[in-house]
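Below is the file protein-v5.cif, which contains mmCIF, C-alpha atoms.
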```cif
data_target
loop_
_atom_site.group_PDB
_atom_site.id
_atom_site.type_symbol
_atom_site.label_atom_id
_atom_site.label_comp_id
_atom_site.auth_asym_id
_atom_site.auth_seq_id
_atom_site.Cartn_x
_atom_site.Cartn_y
_atom_site.Cartn_z
ATOM 1 C CA MET F 168 -19.515 21.099 4.670
ATOM 2 C CA ALA F 169 -16.938 22.328 2.129
ATOM 3 C CA GLN F 170 -15.795 24.971 4.621
ATOM 4 C CA ILE F 171 -15.574 22.387 7.395
ATOM 5 C CA ILE F 172 -13.244 20.016 5.531
ATOM 6 C CA GLU F 173 -10.910 22.933 4.786
ATOM 7 C CA LYS F 174 -10.303 23.176 8.551
ATOM 8 C CA ILE F 175 -9.284 19.528 9.039
ATOM 9 C CA PRO F 176 -5.759 19.331 10.568
ATOM 10 C CA ASP F 177 -2.954 18.265 8.176
ATOM 11 C CA ILE F 178 -5.223 18.737 5.163
ATOM 12 C CA LEU F 179 -3.358 18.523 1.839
ATOM 13 C CA GLY F 180 -6.250 18.841 -0.595
ATOM 14 C CA THR F 181 -9.989 18.425 -1.043
ATOM 15 C CA LEU F 182 -12.415 17.333 -3.748
ATOM 16 C CA VAL F 183 -16.188 17.732 -3.878
ATOM 17 C CA ILE F 184 -17.888 15.515 -6.466
ATOM 18 C CA ASN F 185 -21.576 15.390 -7.404
ATOM 19 C CA GLU F 186 -23.552 12.160 -7.847
ATOM 20 C CA ASP F 187 -22.790 12.087 -11.589
ATOM 21 C CA GLY F 188 -19.036 12.054 -10.923
ATOM 22 C CA ALA F 189 -18.419 15.687 -11.948
ATOM 23 C CA VAL F 190 -15.953 17.667 -9.824
ATOM 24 C CA ILE F 191 -17.704 20.636 -8.192
ATOM 25 C CA SER F 192 -14.668 22.015 -6.404
ATOM 26 C CA SER F 193 -11.053 21.040 -5.776
ATOM 27 C CA THR F 194 -8.271 22.524 -3.655
ATOM 28 C CA GLY F 195 -4.609 21.920 -2.768
ATOM 29 C CA GLU F 196 -2.936 18.763 -4.078
ATOM 30 C CA LEU F 197 -6.258 17.520 -5.454
ATOM 31 C CA GLN F 198 -6.782 20.601 -7.625
ATOM 32 C CA ASN F 199 -7.903 19.502 -11.121
ATOM 33 C CA GLU F 200 -7.312 15.833 -10.161
ATOM 34 C CA GLU F 201 -10.065 14.360 -12.348
ATOM 35 C CA HIS F 202 -8.217 11.034 -12.246
ATOM 36 C CA ALA F 203 -8.513 10.817 -8.437
ATOM 37 C CA ALA F 204 -12.220 11.716 -8.651
ATOM 38 C CA LYS F 205 -12.769 8.914 -11.170
ATOM 39 C CA SER F 206 -10.974 6.349 -8.979
ATOM 40 C CA VAL F 207 -12.926 7.405 -5.874
ATOM 41 C CA MET F 208 -16.257 7.188 -7.708
ATOM 42 C CA SER F 209 -15.364 3.721 -9.082
ATOM 43 C CA MET F 210 -14.571 2.561 -5.542
ATOM 44 C CA LEU F 211 -17.831 3.968 -4.161
ATOM 45 C CA GLN F 212 -19.853 2.324 -6.920
ATOM 46 C CA ALA F 213 -18.132 -1.011 -6.243
ATOM 47 C CA SER F 214 -18.686 -0.826 -2.469
ATOM 48 C CA SER F 215 -22.333 0.269 -2.735
ATOM 49 C CA ARG F 216 -23.482 -2.817 -4.633
ATOM 50 C CA GLY F 217 -24.220 -4.547 -1.343
ATOM 51 C CA GLN F 218 -22.209 -7.667 -2.172
ATOM 52 C CA LEU F 219 -19.372 -7.113 0.295
ATOM 53 C CA THR F 220 -21.359 -8.613 3.162
ATOM 54 C CA SER F 221 -23.308 -11.846 3.370
ATOM 55 C CA ASP F 222 -26.645 -10.145 4.137
ATOM 56 C CA GLY F 223 -26.097 -7.319 1.623
ATOM 57 C CA SER F 224 -27.491 -4.733 4.027
ATOM 58 C CA GLN F 225 -24.292 -2.945 5.057
ATOM 59 C CA GLN F 226 -24.353 0.807 4.381
ATOM 60 C CA PHE F 227 -20.895 2.328 4.603
ATOM 61 C CA LYS F 228 -20.532 5.724 6.230
ATOM 62 C CA ARG F 229 -16.866 6.374 5.519
ATOM 63 C CA MET F 230 -14.088 5.047 3.290
ATOM 64 C CA SER F 231 -10.388 5.635 3.972
ATOM 65 C CA VAL F 232 -7.464 4.812 1.675
ATOM 66 C CA VAL F 233 -4.317 4.874 3.800
ATOM 67 C CA PHE F 234 -0.854 5.238 2.235
ATOM 68 C CA ASP F 235 2.511 5.529 4.053
ATOM 69 C CA THR F 236 2.480 9.273 4.726
ATOM 70 C CA PHE F 237 -0.990 10.441 3.698
ATOM 71 C CA MET F 238 -4.547 9.192 3.437
ATOM 72 C CA TYR F 239 -7.715 9.849 1.471
ATOM 73 C CA VAL F 240 -10.904 10.055 3.524
ATOM 74 C CA VAL F 241 -14.188 9.866 1.616
ATOM 75 C CA THR F 242 -17.672 10.508 2.952
ATOM 76 C CA LEU F 243 -21.106 11.324 1.505
ATOM 77 C CA SER F 244 -23.412 14.150 2.471
ATOM 78 C CA ASN F 245 -26.357 15.775 0.693
ATOM 79 C CA LYS F 246 -25.831 13.716 -2.515
ATOM 80 C CA ARG F 247 -22.232 14.915 -2.766
ATOM 81 C CA VAL F 248 -18.994 13.033 -2.274
ATOM 82 C CA TYR F 249 -16.413 14.798 -0.105
ATOM 83 C CA VAL F 250 -12.791 13.672 -0.456
ATOM 84 C CA ALA F 251 -10.080 14.928 1.902
ATOM 85 C CA LYS F 252 -6.409 14.142 1.378
ATOM 86 C CA ARG F 253 -4.577 14.574 4.653
ATOM 87 C CA GLY F 254 -1.153 13.869 6.099
ATOM 88 C CA TYR F 255 -0.814 10.634 8.066
ATOM 89 C CA ASN F 256 1.784 10.317 10.813
ATOM 90 C CA PRO F 257 1.078 7.155 12.783
ATOM 91 C CA GLN F 258 2.363 7.262 16.336
ATOM 92 C CA GLU F 259 4.928 4.633 17.266
ATOM 93 C CA PRO F 260 3.476 2.243 19.862
ATOM 94 C CA VAL F 261 4.782 2.726 23.389
ATOM 95 C CA LEU F 262 6.674 -0.348 24.527
ATOM 96 C CA ALA F 263 6.661 -0.938 28.282
ATOM 97 C CA MET V 227 0.397 -24.337 -0.340
ATOM 98 C CA GLU V 228 -3.279 -24.633 0.508
ATOM 99 C CA GLU V 229 -2.545 -25.822 4.019
ATOM 100 C CA ALA V 230 -0.363 -22.777 4.650
ATOM 101 C CA LEU V 231 -3.092 -20.430 3.397
ATOM 102 C CA ASP V 232 -5.756 -22.233 5.466
ATOM 103 C CA LYS V 233 -3.590 -21.852 8.567
ATOM 104 C CA VAL V 234 -3.106 -18.108 7.968
ATOM 105 C CA LEU V 235 -6.877 -17.676 7.450
ATOM 106 C CA ASP V 236 -7.651 -19.613 10.638
ATOM 107 C CA ASP V 237 -5.017 -17.689 12.644
ATOM 108 C CA THR V 238 -6.430 -14.372 11.400
ATOM 109 C CA MET V 239 -9.964 -15.452 12.336
ATOM 110 C CA ASN V 240 -8.768 -16.091 15.905
ATOM 111 C CA MET V 241 -7.478 -12.522 16.320
ATOM 112 C CA PRO V 242 -9.556 -10.223 18.549
ATOM 113 C CA GLY V 243 -12.362 -8.355 16.792
ATOM 114 C CA VAL V 244 -12.089 -10.306 13.525
ATOM 115 C CA THR V 245 -15.398 -11.659 12.190
ATOM 116 C CA GLY V 246 -14.289 -12.731 8.704
ATOM 117 C CA VAL V 247 -11.322 -12.964 6.357
ATOM 118 C CA LEU V 248 -10.998 -13.496 2.615
ATOM 119 C CA CYS V 249 -8.064 -13.916 0.221
ATOM 120 C CA THR V 250 -8.321 -13.361 -3.524
ATOM 121 C CA ASP V 251 -5.883 -13.158 -6.426
ATOM 122 C CA LYS V 252 -5.531 -9.974 -8.474
ATOM 123 C CA LEU V 253 -8.189 -11.159 -10.954
ATOM 124 C CA GLY V 254 -10.781 -11.660 -8.216
ATOM 125 C CA LEU V 255 -10.608 -15.449 -7.884
ATOM 126 C CA CYS V 256 -11.402 -16.355 -4.272
ATOM 127 C CA LEU V 257 -8.545 -18.340 -2.701
ATOM 128 C CA GLY V 258 -10.213 -18.821 0.673
ATOM 129 C CA ALA V 259 -12.791 -17.288 2.992
ATOM 130 C CA ARG V 260 -13.747 -17.629 6.660
ATOM 131 C CA GLY V 261 -16.483 -16.253 8.900
ATOM 132 C CA ASN V 262 -18.900 -13.656 7.522
ATOM 133 C CA ALA V 263 -16.739 -12.786 4.486
ATOM 134 C CA PRO V 264 -18.803 -13.951 1.475
ATOM 135 C CA ALA V 265 -16.758 -15.755 -1.199
ATOM 136 C CA HIS V 266 -18.765 -14.016 -3.950
ATOM 137 C CA SER V 267 -17.345 -10.625 -2.876
ATOM 138 C CA SER V 268 -13.795 -11.553 -4.004
ATOM 139 C CA GLY V 269 -14.158 -9.772 -7.363
ATOM 140 C CA LEU V 270 -15.326 -6.527 -5.740
ATOM 141 C CA ILE V 271 -12.525 -6.695 -3.173
ATOM 142 C CA ALA V 272 -9.889 -7.086 -5.910
ATOM 143 C CA THR V 273 -11.508 -4.182 -7.824
ATOM 144 C CA LEU V 274 -11.411 -1.930 -4.750
ATOM 145 C CA ALA V 275 -7.718 -2.723 -4.179
ATOM 146 C CA ASN V 276 -6.876 -1.995 -7.827
ATOM 147 C CA HIS V 277 -8.712 1.346 -7.842
ATOM 148 C CA ALA V 278 -7.073 2.347 -4.535
ATOM 149 C CA LYS V 279 -3.637 1.635 -6.001
ATOM 150 C CA ALA V 280 -4.534 3.793 -9.045
ATOM 151 C CA LEU V 281 -5.176 6.781 -6.746
ATOM 152 C CA GLU V 282 -1.412 7.216 -6.293
ATOM 153 C CA ALA V 283 0.480 5.405 -9.026
ATOM 154 C CA ASN V 284 3.857 6.519 -7.625
ATOM 155 C CA ALA V 285 3.310 5.269 -4.071
ATOM 156 C CA GLU V 286 5.897 2.723 -2.932
ATOM 157 C CA ALA V 287 3.707 0.609 -0.651
ATOM 158 C CA PRO V 288 0.179 -0.532 -1.584
ATOM 159 C CA PRO V 289 -2.581 1.316 0.312
ATOM 160 C CA ILE V 290 -4.990 -0.069 2.896
ATOM 161 C CA VAL V 291 -8.668 0.498 2.122
ATOM 162 C CA CYS V 292 -10.926 0.813 5.173
ATOM 163 C CA LEU V 293 -14.706 0.731 4.736
ATOM 164 C CA GLU V 294 -16.518 1.749 7.911
ATOM 165 C CA SER V 295 -20.161 1.110 8.755
ATOM 166 C CA ASP V 296 -22.264 0.839 11.917
ATOM 167 C CA SER V 297 -22.164 -2.954 11.781
ATOM 168 C CA GLY V 298 -18.430 -3.402 11.130
ATOM 169 C CA ASN V 299 -15.281 -2.420 9.265
ATOM 170 C CA ILE V 300 -13.630 -4.033 6.237
ATOM 171 C CA LEU V 301 -9.874 -3.633 5.743
ATOM 172 C CA ILE V 302 -8.459 -4.461 2.290
ATOM 173 C CA ARG V 303 -4.836 -4.615 1.177
ATOM 174 C CA ALA V 304 -3.161 -6.047 -1.931
ATOM 175 C CA LYS V 305 0.393 -7.320 -1.681
ATOM 176 C CA ASP V 306 2.497 -9.694 -3.815
ATOM 177 C CA GLY V 307 -0.454 -10.500 -6.084
ATOM 178 C CA ILE V 308 -2.747 -11.491 -3.200
ATOM 179 C CA THR V 309 -5.512 -9.236 -1.889
ATOM 180 C CA THR V 310 -6.664 -9.797 1.676
ATOM 181 C CA ALA V 311 -9.867 -8.475 3.233
ATOM 182 C CA ILE V 312 -10.404 -8.567 6.992
ATOM 183 C CA TYR V 313 -13.892 -8.046 8.409
ATOM 184 C CA LYS V 314 -13.901 -6.580 11.910
ATOM 185 C CA VAL V 315 -16.360 -5.459 14.561
ATOM 186 C CA PRO V 316 -17.022 -1.697 14.529
ATOM 187 C CA SER V 317 -14.391 0.520 16.104
ATOM 188 C CA GLY V 318 -15.323 2.805 18.981
ATOM 189 C CA PRO V 319 -16.974 6.220 18.452
#
```

Take the structure I supplied and represent it as structure tokens, if you would.
Amino acid sequence: MAQIIEKIPDILGTLVINEDGAVISSTGELQNEEHAAKSVMSMLQASSRGQLTSDGSQQFKRMSVVFDTFMYVVTLSNKRVYVAKRGYNPQEPVLA
Amino acid sequence: MEEALDKVLDDTMNMPGVTGVLCTDKLGLCLGARGNAPAHSSGLIATLANHAKALEANAEAPPIVCLESDSGNILIRAKDGITTAIYKVPSGP
């Protein structure tokens, strides 16, 4: 998985965090970014409490945090949290 | 003031794919909710928006948080002291 996220187009940096919140590996712009890891883990803990939906059953498979020119994409696999920071260049809509 | 907010909430609910909408202040006090957006989630939504902003303290515009699941997506954005969450049907594969 760690090798796969390195190959994502426009990747700027990656973080792999274990279930205790400790950074296992970090690359690129996210190298040694303990602060980003802490924020991501806080967001995951908040969203996993099951109170965001009325039935409380919703299990999220992906979380994105989209800024103007880049985005963080967070997903879970094998009890690890994978964070990818990648460039974001939205296409202008085609006007007919 | 409340009428204007109610109108915005109702207009948002009528947009295609929207199943719920919620507005909260930055402390998590629910200002209004429609559809399947539970009013008790306002605190968590404000927390998520605050943590997302802390990811990049130098960013000019506030970020959009998107939570994706098989049953739907939640989009969250904080602007001018108001945090809005929009609940939508799942996007395509």

Each residue of chain V lying at most 12 Å from region 184-207 of chain F should get a row with its shortest atom-to-atom pair and the distance in Å to one decimal, counting all atoms listed in the file; could you produce that, ordered by chain and increasing number, as CSV?
```
residue,atom,partner,partner_atom,distance
V:Thr273,CA,F:Ser206,CA,10.6
V:Leu274,CA,F:Ser206,CA,9.3
V:Ala275,CA,F:Ser206,CA,10.8
V:Asn276,CA,F:Ser206,CA,9.4
V:His277,CA,F:Ser206,CA,5.6
V:Ala278,CA,F:Ser206,CA,7.1
V:Lys279,CA,F:Ser206,CA,9.2
V:Ala280,CA,F:Ser206,CA,6.9
V:Leu281,CA,F:Ala203,CA,5.5
V:Glu282,CA,F:Ala203,CA,8.2
V:Ala283,CA,F:Ala203,CA,10.5
V:Val291,CA,F:Val207,CA,11.4
```

Nearest to chain V: which of F:Lys174, F:Arg229, F:Arg247, F:Lys252 is it, counting only C-alpha atoms?
F:Arg229

So which residues fall inside 9 Å of (-0.8, 1.3, 0.0) if we count only C-alpha atoms? Mind giving them as a ChimeraX atom specification?
/F:232-235 /V:278-279,282,285-291,303-305

With C-alpha atoms kept, could you save the residues just selected as a PDB file, in the frame of the given file?
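Output (again21.pdb):
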```pdb
ATOM      1  CA  VAL F 232      -7.464   4.812   1.675  1.00  0.00           C
ATOM      2  CA  VAL F 233      -4.317   4.874   3.800  1.00  0.00           C
ATOM      3  CA  PHE F 234      -0.854   5.238   2.235  1.00  0.00           C
ATOM      4  CA  ASP F 235       2.511   5.529   4.053  1.00  0.00           C
TER       5      ASP F 235
ATOM      6  CA  ALA V 278      -7.073   2.347  -4.535  1.00  0.00           C
ATOM      7  CA  LYS V 279      -3.637   1.635  -6.001  1.00  0.00           C
ATOM      8  CA  GLU V 282      -1.412   7.216  -6.293  1.00  0.00           C
ATOM      9  CA  ALA V 285       3.310   5.269  -4.071  1.00  0.00           C
ATOM     10  CA  GLU V 286       5.897   2.723  -2.932  1.00  0.00           C
ATOM     11  CA  ALA V 287       3.707   0.609  -0.651  1.00  0.00           C
ATOM     12  CA  PRO V 288       0.179  -0.532  -1.584  1.00  0.00           C
ATOM     13  CA  PRO V 289      -2.581   1.316   0.312  1.00  0.00           C
ATOM     14  CA  ILE V 290      -4.990  -0.069   2.896  1.00  0.00           C
ATOM     15  CA  VAL V 291      -8.668   0.498   2.122  1.00  0.00           C
ATOM     16  CA  ARG V 303      -4.836  -4.615   1.177  1.00  0.00           C
ATOM     17  CA  ALA V 304      -3.161  -6.047  -1.931  1.00  0.00           C
ATOM     18  CA  LYS V 305       0.393  -7.320  -1.681  1.00  0.00           C
TER      19      LYS V 305
END
```

Using all atoms listed in the file, what table do you get, as CSV, when you list each residue of chain F with an atom no more than 10 Å from chain V, its nearest pair of atoms, and their distance in Å rounded to one decimal, rows by chain then rising number?
```
residue,atom,partner,partner_atom,distance
F:Glu200,CA,V:Leu281,CA,9.9
F:His202,CA,V:Leu281,CA,7.6
F:Ala203,CA,V:Leu281,CA,5.5
F:Ala204,CA,V:Leu281,CA,8.8
F:Lys205,CA,V:Leu281,CA,9.0
F:Ser206,CA,V:His277,CA,5.6
F:Val207,CA,V:His277,CA,7.6
F:Met208,CA,V:His277,CA,9.5
F:Ser209,CA,V:His277,CA,7.2
F:Met210,CA,V:Leu274,CA,5.5
F:Leu211,CA,V:Leu274,CA,8.7
F:Gln212,CA,V:Leu274,CA,9.7
F:Ala213,CA,V:Leu270,CA,6.2
F:Ser214,CA,V:Leu270,CA,7.4
F:Arg216,CA,V:Leu270,CA,9.0
F:Gly217,CA,V:Ser267,CA,9.3
F:Gln218,CA,V:Ser267,CA,5.7
F:Leu219,CA,V:Ser267,CA,5.1
F:Thr220,CA,V:Pro264,CA,6.2
F:Ser221,CA,V:Pro264,CA,5.3
F:Asp222,CA,V:Pro264,CA,9.1
F:Gly223,CA,V:Pro264,CA,9.9
F:Ser224,CA,V:Ser297,CA,9.6
F:Gln225,CA,V:Ser295,CA,6.9
F:Gln226,CA,V:Ser295,CA,6.1
F:Phe227,CA,V:Ser295,CA,4.4
F:Lys228,CA,V:Ser295,CA,5.3
F:Arg229,CA,V:Glu294,CA,5.2
F:Met230,CA,V:Leu293,CA,4.6
F:Ser231,CA,V:Cys292,CA,5.0
F:Val232,CA,V:Val291,CA,4.5
F:Val233,CA,V:Ile290,CA,5.1
F:Phe234,CA,V:Pro289,CA,4.7
F:Asp235,CA,V:Ala287,CA,6.9
F:Thr236,CA,V:Ala285,CA,9.7
F:Phe237,CA,V:Pro289,CA,9.9
F:Met238,CA,V:Pro289,CA,8.7
F:Tyr239,CA,V:Leu281,CA,9.1
F:Val240,CA,V:Cys292,CA,9.4
F:Val241,CA,V:Leu293,CA,9.7
```

Point-to-point distance from CA of Val234 (chain V) to CA of Gly258 (chain V), Å rounded to tenths:
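For CA of Val234 (chain V) relative to CA of Gly258 (chain V), the distance reads 10.2 Å.
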
Rounded to one decimal place, report the CA of Lys314 (chain V)-CA of Tyr255 (chain F) distance in Å.
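Pair CA of Lys314 (chain V) / CA of Tyr255 (chain F) returns 22.0 Å.
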
Coordinates-based distance that separates CA of Val248 (chain F) from CA of Thr181 (chain F) (Å, one decimal)
10.6 Å

Nearest candidate to Ala272 (chain V) (options V:Ala230, V:Ile308, V:Ala259, V:Val244; using only C-alpha atoms)
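Of all the options, V:Ile308 lies closest to Ala272 (chain V).
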
Tell me which residues the PyMOL selection byres ((chain F and resi 170) around 12) grabs here, as a list in words.
Met168, Ala169, Ile171, Ile172, Glu173, Lys174, Ile175, Thr181, Leu182, Val183, Ser192, Thr194, Tyr249 and Ala251 of chain F
